[in-house]
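Listing of input38.json, JSON, C-alpha atoms and all ligand atoms
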[["chain", "number", "residue", "atom", "x", "y", "z"],
["A", 16, "MET", "CA", 160.93, 153.21, 126.09],
["A", 17, "ALA", "CA", 159.70, 149.62, 126.35],
["A", 18, "GLN", "CA", 158.50, 148.06, 129.58],
["A", 19, "LEU", "CA", 160.65, 145.16, 130.76],
["A", 20, "LEU", "CA", 159.18, 141.66, 130.80],
["A", 21, "ASN", "CA", 160.74, 140.57, 134.06],
["A", 22, "GLY", "CA", 161.18, 136.80, 133.80],
["A", 23, "LYS", "CA", 163.32, 136.58, 136.91],
["A", 24, "LEU", "CA", 160.59, 138.05, 139.09],
["A", 25, "LEU", "CA", 157.85, 135.93, 137.56],
["A", 26, "ALA", "CA", 159.98, 132.80, 137.92],
["A", 27, "SER", "CA", 160.45, 133.46, 141.64],
["A", 28, "GLN", "CA", 156.69, 134.06, 142.10],
["A", 29, "ARG", "CA", 155.86, 130.79, 140.30],
["A", 30, "ALA", "CA", 158.55, 128.96, 142.27],
["A", 31, "ALA", "CA", 156.90, 129.94, 145.56],
["A", 32, "LYS", "CA", 153.63, 128.35, 144.39],
["A", 33, "LEU", "CA", 155.38, 125.28, 143.02],
["A", 34, "LYS", "CA", 157.22, 124.76, 146.29],
["A", 35, "GLU", "CA", 153.89, 124.61, 148.11],
["A", 36, "GLU", "CA", 152.67, 122.03, 145.60],
["A", 37, "VAL", "CA", 155.82, 119.94, 146.07],
["A", 38, "ASN", "CA", 155.36, 120.10, 149.85],
["A", 39, "LYS", "CA", 151.78, 118.89, 149.54],
["A", 40, "LEU", "CA", 152.87, 115.95, 147.37],
["A", 41, "LYS", "CA", 155.61, 115.08, 149.84],
["A", 42, "GLN", "CA", 153.07, 115.06, 152.68],
["A", 43, "GLN", "CA", 151.29, 112.35, 150.67],
["A", 44, "GLY", "CA", 154.50, 110.36, 150.37],
["A", 45, "ILE", "CA", 155.16, 111.43, 146.76],
["A", 46, "LYS", "CA", 158.67, 112.75, 146.02],
["A", 47, "PRO", "CA", 158.92, 114.43, 142.59],
["A", 48, "THR", "CA", 162.16, 113.22, 141.01],
["A", 49, "LEU", "CA", 163.90, 114.45, 137.87],
["A", 50, "CYS", "CA", 166.62, 112.39, 136.27],
["A", 51, "VAL", "CA", 169.08, 113.95, 133.80],
["A", 52, "ILE", "CA", 171.38, 111.97, 131.53],
["A", 53, "ASN", "CA", 174.44, 114.00, 130.60],
["A", 54, "ILE", "CA", 176.78, 112.62, 127.97],
["A", 55, "GLY", "CA", 180.29, 114.01, 127.58],
["A", 56, "ASN", "CA", 181.65, 117.32, 128.85],
["A", 57, "ASP", "CA", 179.95, 120.17, 127.00],
["A", 58, "PRO", "CA", 180.85, 123.33, 128.98],
["A", 59, "GLY", "CA", 177.41, 124.95, 128.39],
["A", 60, "SER", "CA", 175.69, 121.81, 129.70],
["A", 61, "LYS", "CA", 177.72, 121.97, 132.90],
["A", 62, "ILE", "CA", 176.31, 125.43, 133.63],
["A", 63, "TYR", "CA", 172.73, 124.37, 132.84],
["A", 64, "LEU", "CA", 173.08, 121.27, 135.03],
["A", 65, "LYS", "CA", 174.28, 123.35, 137.94],
["A", 66, "THR", "CA", 171.37, 125.79, 137.56],
["A", 67, "LYS", "CA", 168.85, 122.94, 137.38],
["A", 68, "LYS", "CA", 170.34, 121.20, 140.39],
["A", 69, "ARG", "CA", 170.18, 124.39, 142.47],
["A", 70, "ARG", "CA", 166.61, 125.20, 141.42],
["A", 71, "ALA", "CA", 165.43, 121.63, 142.04],
["A", 72, "ALA", "CA", 166.98, 121.66, 145.51],
["A", 73, "GLU", "CA", 165.31, 124.99, 146.34],
["A", 74, "LEU", "CA", 161.93, 123.53, 145.40],
["A", 75, "GLY", "CA", 162.40, 120.22, 147.18],
["A", 76, "ILE", "CA", 162.55, 118.26, 143.91],
["A", 77, "THR", "CA", 165.04, 115.40, 143.86],
["A", 78, "GLN", "CA", 167.46, 115.54, 140.94],
["A", 79, "LYS", "CA", 169.51, 112.55, 139.89],
["A", 80, "LEU", "CA", 172.32, 112.88, 137.40],
["A", 81, "TYR", "CA", 173.68, 110.06, 135.25],
["A", 82, "GLN", "CA", 176.99, 111.09, 133.71],
["A", 83, "LEU", "CA", 178.09, 109.03, 130.70],
["A", 84, "PRO", "CA", 181.48, 109.29, 128.97],
["A", 85, "ALA", "CA", 181.69, 111.19, 125.66],
["A", 86, "GLU", "CA", 182.58, 107.99, 123.75],
["A", 87, "VAL", "CA", 179.62, 105.94, 125.05],
["A", 88, "ASP", "CA", 177.83, 103.91, 122.35],
["A", 89, "GLN", "CA", 174.14, 103.97, 121.44],
["A", 90, "ALA", "CA", 173.42, 100.55, 122.96],
["A", 91, "ASN", "CA", 174.57, 101.67, 126.40],
["A", 92, "VAL", "CA", 172.55, 104.89, 126.25],
["A", 93, "VAL", "CA", 169.43, 102.94, 125.28],
["A", 94, "LYS", "CA", 170.08, 100.42, 128.06],
["A", 95, "LEU", "CA", 170.26, 103.22, 130.63],
["A", 96, "ILE", "CA", 167.06, 104.83, 129.31],
["A", 97, "ASP", "CA", 165.23, 101.47, 129.56],
["A", 98, "GLN", "CA", 166.45, 101.05, 133.11],
["A", 99, "LEU", "CA", 165.31, 104.58, 134.10],
["A", 100, "ASN", "CA", 161.97, 104.14, 132.30],
["A", 101, "ALA", "CA", 161.31, 101.15, 134.54],
["A", 102, "ASP", "CA", 162.53, 102.83, 137.75],
["A", 103, "LYS", "CA", 159.40, 103.81, 139.70],
["A", 104, "SER", "CA", 161.31, 106.35, 141.82],
["A", 105, "ILE", "CA", 161.90, 108.53, 138.72],
["A", 106, "ASN", "CA", 159.05, 110.72, 137.47],
["A", 107, "ALA", "CA", 160.78, 112.76, 134.78],
["A", 108, "LEU", "CA", 163.64, 111.88, 132.49],
["A", 109, "MET", "CA", 165.65, 114.02, 130.07],
["A", 110, "ILE", "CA", 168.82, 113.93, 128.03],
["A", 111, "GLN", "CA", 170.93, 117.07, 128.38],
["A", 112, "LEU", "CA", 171.66, 118.48, 124.92],
["A", 113, "PRO", "CA", 173.90, 118.51, 122.95],
["A", 114, "VAL", "CA", 175.03, 114.89, 122.78],
["A", 115, "PRO", "CA", 178.18, 113.59, 121.02],
["A", 116, "HIS", "CA", 177.88, 113.03, 117.26],
["A", 117, "GLN", "CA", 178.19, 109.22, 117.27],
["A", 118, "LEU", "CA", 174.80, 108.95, 118.97],
["A", 119, "ASN", "CA", 171.41, 108.80, 117.29],
["A", 120, "LEU", "CA", 169.63, 111.43, 119.37],
["A", 121, "ASN", "CA", 166.18, 110.94, 117.87],
["A", 122, "GLU", "CA", 166.28, 107.23, 118.59],
["A", 123, "ALA", "CA", 167.35, 107.89, 122.17],
["A", 124, "LEU", "CA", 164.63, 110.52, 122.69],
["A", 125, "GLY", "CA", 162.06, 108.15, 121.23],
["A", 126, "ARG", "CA", 163.09, 105.51, 123.75],
["A", 127, "ILE", "CA", 162.03, 107.66, 126.73],
["A", 128, "ILE", "CA", 158.48, 106.69, 127.68],
["A", 129, "PRO", "CA", 156.07, 109.60, 127.00],
["A", 130, "GLU", "CA", 154.89, 109.59, 130.64],
["A", 131, "LYS", "CA", 158.40, 110.61, 131.80],
["A", 132, "ASP", "CA", 159.47, 112.67, 128.75],
["A", 133, "VAL", "CA", 159.77, 116.00, 130.55],
["A", 134, "ASP", "CA", 161.28, 117.87, 127.55],
["A", 135, "CYS", "CA", 158.37, 116.78, 125.32],
["A", 136, "LEU", "CA", 160.74, 115.50, 122.62],
["A", 137, "SER", "CA", 159.54, 111.93, 122.10],
["A", 138, "PRO", "CA", 157.63, 111.44, 118.83],
["A", 139, "SER", "CA", 154.30, 110.76, 120.53],
["A", 140, "ASN", "CA", 154.56, 113.82, 122.77],
["A", 141, "VAL", "CA", 155.56, 116.01, 119.82],
["A", 142, "GLY", "CA", 152.51, 114.63, 117.98],
["A", 143, "ARG", "CA", 150.27, 115.37, 120.95],
["A", 144, "LEU", "CA", 151.65, 118.91, 121.10],
["A", 145, "TRP", "CA", 150.65, 119.60, 117.48],
["A", 146, "ARG", "CA", 147.30, 117.89, 117.98],
["A", 147, "GLY", "CA", 146.58, 120.07, 121.01],
["A", 148, "ASP", "CA", 146.07, 117.27, 123.56],
["A", 149, "HIS", "CA", 149.43, 117.18, 125.28],
["A", 150, "PHE", "CA", 150.19, 116.62, 128.97],
["A", 151, "VAL", "CA", 153.72, 118.05, 128.99],
["A", 152, "GLU", "CA", 155.09, 121.23, 127.38],
["A", 153, "PRO", "CA", 158.67, 122.10, 126.38],
["A", 154, "ALA", "CA", 160.00, 124.35, 129.10],
["A", 155, "THR", "CA", 161.13, 127.38, 127.09],
["A", 156, "ALA", "CA", 157.88, 127.62, 125.12],
["A", 157, "HIS", "CA", 155.87, 127.18, 128.32],
["A", 158, "GLY", "CA", 157.92, 129.89, 130.04],
["A", 159, "ILE", "CA", 157.47, 132.37, 127.16],
["A", 160, "LEU", "CA", 153.69, 131.92, 127.19],
["A", 161, "ALA", "CA", 153.63, 132.27, 130.98],
["A", 162, "LEU", "CA", 155.51, 135.57, 130.63],
["A", 163, "LEU", "CA", 153.20, 136.95, 127.92],
["A", 164, "ASP", "CA", 150.13, 135.88, 129.93],
["A", 165, "HIS", "CA", 151.49, 137.45, 133.10],
["A", 166, "TYR", "CA", 151.68, 140.84, 131.37],
["A", 167, "ASP", "CA", 148.21, 140.31, 129.81],
["A", 168, "LEU", "CA", 149.59, 140.40, 126.29],
["A", 169, "ASP", "CA", 146.89, 139.06, 124.05],
["A", 170, "LEU", "CA", 147.80, 136.47, 121.41],
["A", 171, "HIS", "CA", 144.47, 136.04, 119.68],
["A", 172, "GLY", "CA", 144.83, 136.95, 115.98],
["A", 173, "LYS", "CA", 148.25, 138.52, 116.57],
["A", 174, "ASN", "CA", 151.13, 138.18, 114.11],
["A", 175, "VAL", "CA", 153.86, 136.30, 115.92],
["A", 176, "VAL", "CA", 157.19, 135.88, 114.17],
["A", 177, "ILE", "CA", 159.69, 133.39, 115.59],
["A", 178, "ILE", "CA", 163.32, 133.41, 114.46],
["A", 179, "GLY", "CA", 164.64, 129.84, 114.89],
["A", 180, "ARG", "CA", 163.16, 126.47, 113.98],
["A", 181, "SER", "CA", 164.75, 124.19, 116.57],
["A", 182, "SER", "CA", 162.86, 121.29, 118.15],
["A", 183, "ILE", "CA", 163.39, 122.74, 121.61],
["A", 184, "VAL", "CA", 162.29, 126.34, 121.02],
["A", 185, "GLY", "CA", 160.90, 127.51, 117.67],
["A", 186, "LYS", "CA", 158.77, 124.54, 116.63],
["A", 187, "PRO", "CA", 157.07, 123.79, 119.97],
["A", 188, "LEU", "CA", 156.47, 127.49, 120.59],
["A", 189, "ALA", "CA", 154.73, 127.70, 117.19],
["A", 190, "ALA", "CA", 152.49, 124.75, 118.13],
["A", 191, "LEU", "CA", 151.44, 126.34, 121.43],
["A", 192, "LEU", "CA", 150.87, 129.75, 119.82],
["A", 193, "LEU", "CA", 148.62, 128.26, 117.14],
["A", 194, "GLU", "CA", 146.50, 126.78, 119.91],
["A", 195, "ARG", "CA", 146.16, 130.29, 121.29],
["A", 196, "ASP", "CA", 144.92, 131.62, 117.91],
["A", 197, "ALA", "CA", 148.06, 133.54, 116.96],
["A", 198, "THR", "CA", 149.17, 133.72, 113.33],
["A", 199, "VAL", "CA", 152.65, 132.25, 113.39],
["A", 200, "SER", "CA", 155.65, 132.53, 111.04],
["A", 201, "ILE", "CA", 158.88, 130.65, 111.65],
["A", 202, "LEU", "CA", 162.06, 132.11, 110.16],
["A", 203, "HIS", "CA", 165.42, 130.37, 110.03],
["A", 204, "SER", "CA", 168.95, 130.63, 108.72],
["A", 205, "LYS", "CA", 167.85, 130.14, 105.09],
["A", 206, "THR", "CA", 165.06, 132.73, 105.24],
["A", 207, "ARG", "CA", 165.67, 135.62, 102.85],
["A", 208, "ASN", "CA", 165.14, 139.17, 104.09],
["A", 209, "LEU", "CA", 164.26, 138.50, 107.71],
["A", 210, "GLY", "CA", 163.23, 142.14, 108.12],
["A", 211, "GLU", "CA", 160.34, 141.79, 105.67],
["A", 212, "TYR", "CA", 158.72, 139.35, 108.08],
["A", 213, "THR", "CA", 159.85, 140.77, 111.39],
["A", 214, "LYS", "CA", 158.53, 144.27, 110.56],
["A", 215, "ASN", "CA", 155.01, 142.85, 110.54],
["A", 216, "ALA", "CA", 155.35, 141.13, 113.90],
["A", 217, "ASP", "CA", 153.12, 142.22, 116.76],
["A", 218, "ILE", "CA", 155.20, 139.82, 118.82],
["A", 219, "LEU", "CA", 158.76, 138.99, 117.75],
["A", 220, "VAL", "CA", 160.59, 136.06, 119.34],
["A", 221, "SER", "CA", 164.26, 135.55, 118.56],
["A", 222, "ALA", "CA", 165.81, 132.15, 119.29],
["A", 223, "ALA", "CA", 168.71, 132.07, 116.85],
["A", 224, "GLY", "CA", 171.74, 132.30, 119.12],
["A", 225, "GLN", "CA", 173.16, 135.18, 117.04],
["A", 226, "PRO", "CA", 174.14, 138.33, 118.94],
["A", 227, "GLY", "CA", 173.07, 141.54, 117.23],
["A", 228, "LEU", "CA", 170.71, 139.74, 114.83],
["A", 229, "VAL", "CA", 167.61, 141.79, 115.64],
["A", 230, "LYS", "CA", 168.14, 145.48, 114.95],
["A", 231, "ALA", "CA", 165.74, 148.34, 115.64],
["A", 232, "GLY", "CA", 164.95, 148.76, 111.93],
["A", 233, "MET", "CA", 163.54, 145.22, 111.83],
["A", 234, "VAL", "CA", 161.03, 145.87, 114.61],
["A", 235, "LYS", "CA", 157.56, 147.40, 114.30],
["A", 236, "GLN", "CA", 156.84, 150.40, 116.54],
["A", 237, "GLY", "CA", 155.09, 149.11, 119.67],
["A", 238, "ALA", "CA", 155.94, 145.43, 119.12],
["A", 239, "VAL", "CA", 156.55, 142.97, 121.94],
["A", 240, "VAL", "CA", 160.08, 141.55, 121.71],
["A", 241, "VAL", "CA", 161.07, 138.28, 123.37],
["A", 242, "ASP", "CA", 164.78, 137.48, 123.27],
["A", 243, "VAL", "CA", 165.50, 133.79, 123.85],
["A", 244, "GLY", "CA", 169.12, 133.91, 122.70],
["A", 245, "ILE", "CA", 171.92, 133.32, 125.17],
["A", 246, "ASN", "CA", 175.31, 134.33, 123.77],
["A", 247, "ARG", "CA", 178.65, 135.08, 125.38],
["A", 248, "VAL", "CA", 180.26, 138.22, 123.97],
["A", 249, "HIS", "CA", 183.44, 139.62, 125.56],
["A", 250, "GLY", "CA", 182.65, 137.74, 128.78],
["A", 251, "GLN", "CA", 179.08, 139.11, 128.93],
["A", 252, "THR", "CA", 175.81, 137.24, 128.44],
["A", 253, "VAL", "CA", 173.74, 138.88, 125.70],
["A", 254, "GLY", "CA", 170.71, 137.89, 123.66],
["A", 255, "ASP", "CA", 170.02, 138.12, 119.91],
["A", 256, "VAL", "CA", 168.47, 141.57, 120.11],
["A", 257, "ASP", "CA", 170.21, 144.97, 120.03],
["A", 258, "PHE", "CA", 168.60, 145.75, 123.35],
["A", 259, "ALA", "CA", 169.26, 149.49, 123.74],
["A", 260, "ASP", "CA", 168.00, 150.44, 120.25],
["A", 261, "VAL", "CA", 165.14, 147.96, 120.04],
["A", 262, "ALA", "CA", 163.85, 149.01, 123.50],
["A", 263, "GLN", "CA", 163.23, 152.48, 121.99],
["A", 264, "ARG", "CA", 160.74, 151.03, 119.50],
["A", 265, "ALA", "CA", 159.19, 148.10, 121.36],
["A", 266, "SER", "CA", 156.33, 148.34, 123.87],
["A", 267, "TYR", "CA", 157.64, 145.39, 125.91],
["A", 268, "ILE", "CA", 160.99, 143.62, 125.83],
["A", 269, "THR", "CA", 162.74, 140.82, 127.74],
["A", 270, "PRO", "CA", 166.18, 141.54, 129.18],
["A", 271, "VAL", "CA", 169.05, 139.04, 128.79],
["A", 272, "PRO", "CA", 169.85, 137.81, 131.37],
["A", 273, "GLY", "CA", 166.72, 137.88, 133.55],
["A", 274, "GLY", "CA", 164.08, 137.29, 130.87],
["A", 275, "VAL", "CA", 163.29, 133.92, 129.35],
["A", 276, "GLY", "CA", 166.19, 132.03, 130.98],
["A", 277, "PRO", "CA", 164.93, 131.89, 134.59],
["A", 278, "LEU", "CA", 161.44, 130.99, 133.36],
["A", 279, "THR", "CA", 162.78, 128.05, 131.34],
["A", 280, "VAL", "CA", 164.30, 126.43, 134.44],
["A", 281, "GLU", "CA", 161.16, 127.17, 136.44],
["A", 282, "ALA", "CA", 158.91, 125.78, 133.69],
["A", 283, "LEU", "CA", 160.98, 122.59, 133.57],
["A", 284, "MET", "CA", 160.39, 122.06, 137.27],
["A", 285, "GLU", "CA", 156.66, 122.70, 136.74],
["A", 286, "GLN", "CA", 156.66, 119.94, 134.12],
["A", 287, "VAL", "CA", 158.41, 117.58, 136.56],
["A", 288, "VAL", "CA", 155.68, 118.20, 139.11],
["A", 289, "GLY", "CA", 152.97, 117.89, 136.44],
["A", 290, "LEU", "CA", 154.27, 114.49, 135.31],
["A", 291, "THR", "CA", 154.59, 113.35, 138.93],
["A", 292, "ARG", "CA", 150.98, 114.31, 139.65],
["A", 293, "ARG", "CA", 149.78, 112.57, 136.50],
["A", 294, "GLN", "CA", 151.65, 109.35, 137.33],
["A", 295, "ASN", "CA", 150.03, 109.37, 140.76],
["A", 296, "GLY", "CA", 146.53, 110.07, 139.46],
["A", 297, "ARG", "CA", 146.46, 113.56, 140.97],
["A", 301, "LIG", "P1", 169.69, 125.90, 117.45],
["A", 301, "LIG", "O1", 171.08, 126.18, 117.04],
["A", 301, "LIG", "O2", 169.20, 124.51, 117.54],
["A", 301, "LIG", "O3", 168.70, 126.69, 116.50],
["A", 301, "LIG", "C1", 168.95, 127.99, 116.08],
["A", 301, "LIG", "C2", 167.94, 128.35, 115.03],
["A", 301, "LIG", "O4", 168.16, 129.68, 114.62],
["A", 301, "LIG", "C3", 168.01, 127.49, 113.78],
["A", 301, "LIG", "O5", 166.71, 127.09, 113.41],
["A", 301, "LIG", "C4", 168.62, 128.40, 112.73],
["A", 301, "LIG", "O6", 168.10, 128.15, 111.44],
["A", 301, "LIG", "C5", 168.20, 129.77, 113.22],
["A", 301, "LIG", "N1", 169.17, 130.80, 112.86],
["A", 301, "LIG", "C6", 170.50, 130.81, 113.14],
["A", 301, "LIG", "N2", 171.07, 131.91, 112.62],
["A", 301, "LIG", "C7", 170.09, 132.60, 111.99],
["A", 301, "LIG", "C8", 170.06, 133.80, 111.26],
["A", 301, "LIG", "N3", 171.15, 134.53, 111.05],
["A", 301, "LIG", "N4", 168.88, 134.21, 110.75],
["A", 301, "LIG", "C9", 167.75, 133.47, 110.95],
["A", 301, "LIG", "N5", 167.72, 132.33, 111.65],
["A", 301, "LIG", "C10", 168.89, 131.90, 112.15],
["A", 301, "LIG", "O7", 169.52, 126.66, 118.84],
["A", 301, "LIG", "P2", 168.44, 126.51, 120.02],
["A", 301, "LIG", "O8", 168.82, 125.38, 120.84],
["A", 301, "LIG", "O9", 167.06, 126.64, 119.48],
["A", 301, "LIG", "O10", 168.80, 127.85, 120.81],
["A", 301, "LIG", "C11", 168.73, 129.12, 120.19],
["A", 301, "LIG", "C12", 169.26, 130.17, 121.14],
["A", 301, "LIG", "O11", 168.41, 130.22, 122.28],
["A", 301, "LIG", "C13", 170.66, 129.89, 121.70],
["A", 301, "LIG", "O12", 171.29, 131.12, 121.94],
["A", 301, "LIG", "C14", 170.38, 129.19, 123.01],
["A", 301, "LIG", "O13", 171.42, 129.34, 123.94],
["A", 301, "LIG", "C15", 169.16, 129.93, 123.46],
["A", 301, "LIG", "N6", 168.27, 129.21, 124.34],
["A", 301, "LIG", "C16", 167.84, 129.89, 125.42],
["A", 301, "LIG", "C17", 166.95, 129.33, 126.28],
["A", 301, "LIG", "C18", 166.47, 130.14, 127.43],
["A", 301, "LIG", "O14", 165.96, 129.60, 128.37],
["A", 301, "LIG", "N7", 166.61, 131.46, 127.37],
["A", 301, "LIG", "C19", 166.48, 128.04, 126.07],
["A", 301, "LIG", "C20", 166.92, 127.35, 124.92],
["A", 301, "LIG", "C21", 167.81, 127.96, 124.07]]
Using C-alpha cells, write down the structure that the file contains.
Ligand code: NAD
Amino acid sequence: MAQLLNGKLLASQRAAKLKEEVNKLKQQGIKPTLCVINIGNDPGSKIYLKTKKRRAAELGITQKLYQLPAEVDQANVVKLIDQLNADKSINALMIQLPVPHQLNLNEALGRIIPEKDVDCLSPSNVGRLWRGDHFVEPATAHGILALLDHYDLDLHGKNVVIIGRSSIVGKPLAALLLERDATVSILHSKTRNLGEYTKNADILVSAAGQPGLVKAGMVKQGAVVVDVGINRVHGQTVGDVDFADVAQRASYITPVPGGVGPLTVEALMEQVVGLTRRQNGR
C-alpha cells in the first residue's frame, strides 16, 4: 500500500514559515499585496477566490479583488492591467482563469509586467522558465516539486510522465523537472495509448481533469503518483486517478483532496512574497 504524500500537512508547515517572513517584511514597512482580476461569474473561480482570500488573510498578505463584468471588452481589461502595473501598492497581479471568450487572454497576460506576474504566464517569464533563470514559478508546479522534495523523492534521471499540456500545469512542470535532470514526457488528449508511456513512469503526474483516467494497469509497480486533477463526481471531489486500486501498486500517492491543491494555494502566496522581496531589493 502506497504512502500518502500529505500536501495539506506540508502546506501548513510552509505557511507557518511564510507567515514569519511576512511579519518581518511588515516590520520593515513592506506589506505584500496580491491583486486578482476576476472577469465574469465562473462558479469554480468563486471557490478558488474564496480559498485564496482566506489563505492570504491567514498569512497577513493583503488581497485586492477587481471584479469585471462578463461582457467587458479587451480595451477595458488592458486599461485596468496598466493601472495596476503602475500601482506601487500592488506587488503581485494575476487574472483568474478562465476568462470569457471575447477576450484575448494571451494579450492580457502579456500586458502584466513580468515583475508582478505572479502566475508566471507573461511571455518573458515563460521564456525565463524554459531558460532556467526565472524569478517566479507557477504555483502548482512549484507545489508539486516542494512535495516531492519534502519526501526526498529523487528526480535525477527519473522518467517523469505528465498527463496534460496546459500552460498552468503540464508545460511549466516539465520545464522545472528538466532543470532537475528528470526525463520528461508530456501526454495529452491526442496521445495514443497513454498506458504505453505511463507504464514506464517512475513518477506519474496526472493533470487532465478526467476522473478515472489513470487505472492501476497503467501504473508501474512502485511508481510515485501525483494526482493534480480536481473533479466533482456525485457531489464529491475526486482526482484523475483510481485511488484505491492505484494505491495498491504505487509507492507514494497524493490524495484528492489534501494533496496538490493546498500546496498550490500556499505556493502562490510564496510567489507573492518572493516578488515583494525582489521589488524591495530583499
Ligand atoms: P486544461 O483543461 O487546460 O488541460 C487539461 C489537459 O489534459 C489538456 O492538455 C488535455 O490535452 C489533457 N487531457 C484531457 N483529457 C485527456 C485524456 N483523456 N487523455 C490525455 N490527456 C487528456 O486543464 P488544467 O487547467 O491544466 O487543469 C487540469 C486539471 O487539474 C483540472 O482537473 C483542474 O481542476 C486541476 N487543477 C488542479 C490544481 C491543483 O492545485 N490541484 C491546479 C490547477 C489545475
Counting all atoms listed in the file, the option among A:Ile159, A:Ala259, A:Ile183, A:Ala189 closest to Thr279 of chain A:
A:Ile159
Any residue with an atom at most 8 Å from ligand LIG 301 (chain A) counts, using all atoms listed in the file. Which are they? Put them as an mmCIF file with C-alpha atoms, keeping the file's coordinate frame.
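part.cif written:
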data_model
loop_
_atom_site.group_PDB
_atom_site.id
_atom_site.type_symbol
_atom_site.label_atom_id
_atom_site.label_comp_id
_atom_site.auth_asym_id
_atom_site.auth_seq_id
_atom_site.Cartn_x
_atom_site.Cartn_y
_atom_site.Cartn_z
ATOM 1 C CA ALA A 154 160.000 124.350 129.100
ATOM 2 C CA THR A 155 161.130 127.380 127.090
ATOM 3 C CA ILE A 178 163.320 133.410 114.460
ATOM 4 C CA GLY A 179 164.640 129.840 114.890
ATOM 5 C CA ARG A 180 163.160 126.470 113.980
ATOM 6 C CA SER A 181 164.750 124.190 116.570
ATOM 7 C CA SER A 182 162.860 121.290 118.150
ATOM 8 C CA ILE A 183 163.390 122.740 121.610
ATOM 9 C CA VAL A 184 162.290 126.340 121.020
ATOM 10 C CA GLY A 185 160.900 127.510 117.670
ATOM 11 C CA LEU A 202 162.060 132.110 110.160
ATOM 12 C CA HIS A 203 165.420 130.370 110.030
ATOM 13 C CA SER A 204 168.950 130.630 108.720
ATOM 14 C CA LYS A 205 167.850 130.140 105.090
ATOM 15 C CA THR A 206 165.060 132.730 105.240
ATOM 16 C CA LEU A 209 164.260 138.500 107.710
ATOM 17 C CA SER A 221 164.260 135.550 118.560
ATOM 18 C CA ALA A 222 165.810 132.150 119.290
ATOM 19 C CA ALA A 223 168.710 132.070 116.850
ATOM 20 C CA GLY A 224 171.740 132.300 119.120
ATOM 21 C CA GLN A 225 173.160 135.180 117.040
ATOM 22 C CA LEU A 228 170.710 139.740 114.830
ATOM 23 C CA ASP A 242 164.780 137.480 123.270
ATOM 24 C CA VAL A 243 165.500 133.790 123.850
ATOM 25 C CA GLY A 244 169.120 133.910 122.700
ATOM 26 C CA ILE A 245 171.920 133.320 125.170
ATOM 27 C CA ASN A 246 175.310 134.330 123.770
ATOM 28 C CA GLY A 254 170.710 137.890 123.660
ATOM 29 C CA ASP A 255 170.020 138.120 119.910
ATOM 30 C CA GLY A 274 164.080 137.290 130.870
ATOM 31 C CA VAL A 275 163.290 133.920 129.350
ATOM 32 C CA GLY A 276 166.190 132.030 130.980
ATOM 33 C CA PRO A 277 164.930 131.890 134.590
ATOM 34 C CA LEU A 278 161.440 130.990 133.360
ATOM 35 C CA THR A 279 162.780 128.050 131.340
ATOM 36 C CA VAL A 280 164.300 126.430 134.440
#
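Counting from atom CA of Ala265 of chain A, the distance to atom CA of Leu168 of chain A is 13.3 Å.
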Just want the 7 Å neighbourhood of Ser137 of chain A, counted on all atoms listed in the file, with same-chain residues fewer than 6 positions away dropped. Output as a PDB file with C-alpha atoms, keeping the file's coordinate frame.
ATOM      1  CA  LEU A 124     164.630 110.520 122.690  1.00  0.00           C
ATOM      2  CA  GLY A 125     162.060 108.150 121.230  1.00  0.00           C
ATOM      3  CA  ILE A 127     162.030 107.660 126.730  1.00  0.00           C
ATOM      4  CA  PRO A 129     156.070 109.600 127.000  1.00  0.00           C
TER       5      PRO A 129
END
Each residue of segment 132-235 of chain A with at least one atom at most 12 Å from segment 27-48 of chain A should appear once, together with its nearest atom pair and the corresponding distance in Å (one decimal); atoms considered: only C-alpha atoms; ordering: chain, then increasing residue number; output as CSV.
residue,atom,partner,partner_atom,distance
A:Val133,CA,A:Thr48,CA,11.1
A:Gly158,CA,A:Arg29,CA,10.5
A:Ala161,CA,A:Arg29,CA,9.7
A:Leu162,CA,A:Arg29,CA,10.8
A:His165,CA,A:Arg29,CA,10.7
For the selection you just gave me, I'd like the residues written to a file as an mmCIF file, in the coordinates of the input, keeping C-alpha atoms.
data_model
loop_
_atom_site.group_PDB
_atom_site.id
_atom_site.type_symbol
_atom_site.label_atom_id
_atom_site.label_comp_id
_atom_site.auth_asym_id
_atom_site.auth_seq_id
_atom_site.Cartn_x
_atom_site.Cartn_y
_atom_site.Cartn_z
ATOM 1 C CA VAL A 133 159.770 116.000 130.550
ATOM 2 C CA GLY A 158 157.920 129.890 130.040
ATOM 3 C CA ALA A 161 153.630 132.270 130.980
ATOM 4 C CA LEU A 162 155.510 135.570 130.630
ATOM 5 C CA HIS A 165 151.490 137.450 133.100
#
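Picture a line from atom CA of Pro138 of chain A to atom CA of Glu281 of chain A; it runs 23.9 Å.
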Of A:Val114, A:Val240, A:Val261, A:Cys135, the one sitting nearest Val175 of chain A when using all atoms listed in the file is A:Val240
Excluding same-chain residues fewer than 4 positions from segment 88-103 of chain A, what lies within 10 Å of it counting all atoms listed in the file, as JSON, numbers by chain?
{"A": [48, 50, 52, 54, 81, 83, 84, 107, 108, 109, 110, 115, 117, 118, 119, 120, 122, 123, 124, 125, 126, 127, 128, 129, 130, 131, 132, 294]}
How about saving the chosen residues, C-alpha atoms kept, as a tab-separated table (two decimals), in the coordinates of the input?
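Writing done, so here's out28.tsv:
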chain	number	residue	atom	x	y	z
A	48	THR	CA	162.16	113.22	141.01
A	50	CYS	CA	166.62	112.39	136.27
A	52	ILE	CA	171.38	111.97	131.53
A	54	ILE	CA	176.78	112.62	127.97
A	81	TYR	CA	173.68	110.06	135.25
A	83	LEU	CA	178.09	109.03	130.70
A	84	PRO	CA	181.48	109.29	128.97
A	107	ALA	CA	160.78	112.76	134.78
A	108	LEU	CA	163.64	111.88	132.49
A	109	MET	CA	165.65	114.02	130.07
A	110	ILE	CA	168.82	113.93	128.03
A	115	PRO	CA	178.18	113.59	121.02
A	117	GLN	CA	178.19	109.22	117.27
A	118	LEU	CA	174.80	108.95	118.97
A	119	ASN	CA	171.41	108.80	117.29
A	120	LEU	CA	169.63	111.43	119.37
A	122	GLU	CA	166.28	107.23	118.59
A	123	ALA	CA	167.35	107.89	122.17
A	124	LEU	CA	164.63	110.52	122.69
A	125	GLY	CA	162.06	108.15	121.23
A	126	ARG	CA	163.09	105.51	123.75
A	127	ILE	CA	162.03	107.66	126.73
A	128	ILE	CA	158.48	106.69	127.68
A	129	PRO	CA	156.07	109.60	127.00
A	130	GLU	CA	154.89	109.59	130.64
A	131	LYS	CA	158.40	110.61	131.80
A	132	ASP	CA	159.47	112.67	128.75
A	294	GLN	CA	151.65	109.35	137.33
